[in-house]
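Asker: Enclosed is the structure file coords14.cif (mmCIF, C-alpha atoms).
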data_entry
#
loop_
_atom_site.group_PDB
_atom_site.id
_atom_site.type_symbol
_atom_site.label_atom_id
_atom_site.label_comp_id
_atom_site.auth_asym_id
_atom_site.auth_seq_id
_atom_site.Cartn_x
_atom_site.Cartn_y
_atom_site.Cartn_z
ATOM 1 C CA MET X 3 4.424 11.330 -9.478
ATOM 2 C CA THR X 4 1.308 9.309 -8.933
ATOM 3 C CA CYS X 5 -0.882 8.174 -6.070
ATOM 4 C CA TYR X 6 -2.493 4.742 -5.894
ATOM 5 C CA THR X 7 -5.354 4.011 -3.540
ATOM 6 C CA VAL X 8 -5.627 0.231 -3.364
ATOM 7 C CA HIS X 9 -8.312 -1.735 -1.560
ATOM 8 C CA PHE X 10 -7.425 -5.339 -0.722
ATOM 9 C CA GLU X 11 -10.134 -7.904 -0.020
ATOM 10 C CA GLY X 12 -9.932 -11.422 1.340
ATOM 11 C CA HIS X 13 -8.409 -12.629 4.601
ATOM 12 C CA VAL X 14 -6.393 -9.427 4.981
ATOM 13 C CA GLN X 15 -7.024 -8.423 8.591
ATOM 14 C CA GLY X 16 -5.475 -10.166 11.573
ATOM 15 C CA VAL X 17 -2.669 -11.667 9.480
ATOM 16 C CA GLY X 18 0.000 -8.951 9.745
ATOM 17 C CA PHE X 19 -0.899 -7.461 6.361
ATOM 18 C CA ARG X 20 -0.222 -3.828 7.320
ATOM 19 C CA TYR X 21 3.108 -4.637 8.965
ATOM 20 C CA ARG X 22 4.203 -6.752 6.009
ATOM 21 C CA ALA X 23 3.204 -3.971 3.582
ATOM 22 C CA CYS X 24 5.366 -1.495 5.530
ATOM 23 C CA GLU X 25 8.273 -3.945 5.519
ATOM 24 C CA VAL X 26 7.958 -4.543 1.761
ATOM 25 C CA ALA X 27 7.691 -0.787 1.113
ATOM 26 C CA GLN X 28 11.203 -0.207 2.477
ATOM 27 C CA ALA X 29 12.590 -1.474 -0.840
ATOM 28 C CA PHE X 30 10.714 1.209 -2.819
ATOM 29 C CA ALA X 31 10.784 5.009 -3.011
ATOM 30 C CA VAL X 32 7.202 5.493 -1.833
ATOM 31 C CA SER X 33 5.349 7.163 0.999
ATOM 32 C CA GLY X 34 1.808 6.777 2.258
ATOM 33 C CA THR X 35 -0.402 4.882 4.652
ATOM 34 C CA VAL X 36 -1.963 1.465 5.108
ATOM 35 C CA GLU X 37 -5.013 0.870 7.299
ATOM 36 C CA ASN X 38 -7.693 -1.630 8.232
ATOM 37 C CA LEU X 39 -11.219 -0.615 7.275
ATOM 38 C CA GLN X 40 -14.395 -1.384 9.218
ATOM 39 C CA ASP X 41 -15.736 -3.527 6.354
ATOM 40 C CA GLY X 42 -12.820 -6.007 6.562
ATOM 41 C CA ARG X 43 -10.732 -4.592 3.716
ATOM 42 C CA VAL X 44 -7.289 -2.994 3.917
ATOM 43 C CA ARG X 45 -6.653 0.343 2.191
ATOM 44 C CA LEU X 46 -3.182 1.288 0.957
ATOM 45 C CA VAL X 47 -2.471 4.826 -0.245
ATOM 46 C CA ALA X 48 0.989 5.115 -1.782
ATOM 47 C CA GLU X 49 2.687 7.966 -3.629
ATOM 48 C CA GLY X 50 5.811 7.883 -5.761
ATOM 49 C CA GLU X 51 6.963 7.390 -9.320
ATOM 50 C CA ALA X 52 4.664 4.970 -11.151
ATOM 51 C CA ASP X 53 7.336 2.265 -11.474
ATOM 52 C CA GLN X 54 7.997 2.380 -7.717
ATOM 53 C CA VAL X 55 4.319 2.194 -6.763
ATOM 54 C CA ASP X 56 3.724 -0.577 -9.324
ATOM 55 C CA GLY X 57 6.678 -2.479 -7.876
ATOM 56 C CA LEU X 58 5.362 -2.059 -4.342
ATOM 57 C CA LEU X 59 1.928 -3.317 -5.306
ATOM 58 C CA ALA X 60 3.355 -6.346 -7.117
ATOM 59 C CA ALA X 61 5.626 -7.161 -4.149
ATOM 60 C CA ILE X 62 2.741 -6.904 -1.656
ATOM 61 C CA LEU X 63 0.572 -9.145 -3.821
ATOM 62 C CA ARG X 64 3.388 -11.726 -3.966
ATOM 63 C CA ALA X 65 4.064 -11.530 -0.222
ATOM 64 C CA MET X 66 0.385 -11.805 0.720
ATOM 65 C CA ALA X 67 -0.806 -14.027 -2.142
ATOM 66 C CA GLY X 68 -2.570 -16.501 0.130
ATOM 67 C CA HIS X 69 -4.617 -13.749 1.732
ATOM 68 C CA VAL X 70 -5.668 -11.366 -1.050
ATOM 69 C CA ARG X 71 -8.734 -12.513 -2.964
ATOM 70 C CA ARG X 72 -9.251 -9.300 -4.920
ATOM 71 C CA HIS X 73 -7.845 -5.783 -5.136
ATOM 72 C CA THR X 74 -8.929 -2.559 -6.802
ATOM 73 C CA ILE X 75 -6.728 0.389 -7.769
ATOM 74 C CA ASP X 76 -7.603 4.065 -8.131
ATOM 75 C CA LYS X 77 -4.776 6.109 -9.701
ATOM 76 C CA THR X 78 -4.622 9.880 -9.191
ATOM 77 C CA PRO X 79 -1.904 12.542 -9.310
ATOM 78 C CA ALA X 80 0.225 12.666 -6.160
ATOM 79 C CA THR X 81 -0.448 15.490 -3.701
ATOM 80 C CA GLY X 82 2.718 15.189 -1.619
ATOM 81 C CA GLU X 83 0.659 14.908 1.555
ATOM 82 C CA PHE X 84 2.709 11.945 2.795
ATOM 83 C CA GLY X 85 6.115 13.554 2.429
ATOM 84 C CA VAL X 86 8.988 12.713 0.121
ATOM 85 C CA PRO X 87 8.714 9.208 -1.377
ATOM 86 C CA GLY X 88 11.582 7.110 -0.090
ATOM 87 C CA ASP X 89 12.391 9.542 2.734
ATOM 88 C CA ASP X 90 9.040 9.258 4.488
ATOM 89 C CA PRO X 91 8.109 5.588 4.823
ATOM 90 C CA LEU X 92 4.775 3.876 4.465
ATOM 91 C CA ARG X 93 2.993 4.239 7.812
ATOM 92 C CA ILE X 94 0.220 2.303 9.509
ATOM 93 C CA LYS X 95 -2.793 4.530 9.960
ATOM 94 C CA ARG X 96 -4.801 3.811 13.075
#
Can I see the file as structure tokens?
Answerer:
Amino acid sequence: MTCYTVHFEGHVQGVGFRYRACEVAQAFAVSGTVENLQDGRVRLVAEGEADQVDGLLAAILRAMAGHVRRHTIDKTPATGEFGVPGDDPLRIKR
């Protein structure tokens, strides 16, 4: 399993980005969090099998294409801190 930490830049706050990411994530066996950052970016941390996390990222980028100007990805081994991918959904971190 892998963990992706993705930072999205652009017009990504105040447009329902976090809620849409959680909705999109329901189609993938992932777990993790999505949150707004003070600097205007959104951070997504998602764990699961690489194909599932890749699929989630691609689906979010398609769904929010008009809002994301740039994104960066940091890939690390999964820690399991978010629960079982697919059983424990993506959550909005406040």
Asker: Could you pull the residues within 9 Å of Arg96 in chain X, counting all atoms listed in the file, minus those fewer than 3 positions along the same chain, as a compact mmCIF listing (two decimals) with C-alpha atoms, keeping the file's coordinate frame?
Answerer:
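Okay, around_17.txt is ready:
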# COMPACT_ATOMS: atom_id res chain seq x y z
CA VAL X 36 -1.96 1.46 5.11
CA GLU X 37 -5.01 0.87 7.30
CA ASN X 38 -7.69 -1.63 8.23
Asker: I want to know what sits within 8 Å of Ile75 in chain X, based on all atoms listed in the file, with residues of the same chain fewer than 5 positions away left out; could you give that as a PyMOL selection string?
Answerer: chain X and resi 6-9
Asker: Kindly give the distance, in Å, that separates CA of Gly50 in chain X and CA of Met3 in chain X, rounded to a single decimal.
Answerer: 5.3 Å
Asker: Evaluate the PyMOL selection byres ((chain X and resi 77) around 10) against this structure - the residues, as a list of chain:residue names, please.
Answerer: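 For this structure, the PyMOL selection byres ((chain X and resi 77) around 10) resolves to X:Thr4, X:Cys5, X:Tyr6, X:Thr7, X:Val8, X:Val47, X:Ala48, X:Glu49, X:Ala52, X:Ile75, X:Asp76, X:Thr78, X:Pro79, X:Ala80.
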Asker: Keeping only C-alpha atoms, take the residues you just selected and write them out as a short mmCIF file (atom, residue, chain, number, x, y, z; two decimals), in the frame of the given file.
Answerer:
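Result file is again_18.cif:
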data_model
loop_
_atom_site.label_atom_id
_atom_site.label_comp_id
_atom_site.auth_asym_id
_atom_site.auth_seq_id
_atom_site.Cartn_x
_atom_site.Cartn_y
_atom_site.Cartn_z
CA THR X 4 1.31 9.31 -8.93
CA CYS X 5 -0.88 8.17 -6.07
CA TYR X 6 -2.49 4.74 -5.89
CA THR X 7 -5.35 4.01 -3.54
CA VAL X 8 -5.63 0.23 -3.36
CA VAL X 47 -2.47 4.83 -0.24
CA ALA X 48 0.99 5.12 -1.78
CA GLU X 49 2.69 7.97 -3.63
CA ALA X 52 4.66 4.97 -11.15
CA ILE X 75 -6.73 0.39 -7.77
CA ASP X 76 -7.60 4.07 -8.13
CA THR X 78 -4.62 9.88 -9.19
CA PRO X 79 -1.90 12.54 -9.31
CA ALA X 80 0.22 12.67 -6.16
#
Asker: What does the structure give for the distance between CA of Gly34 in chain X and CA of Gly82 in chain X, in Å to one decimal?
Answerer: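 Interatomic distance here is 9.3 Å.
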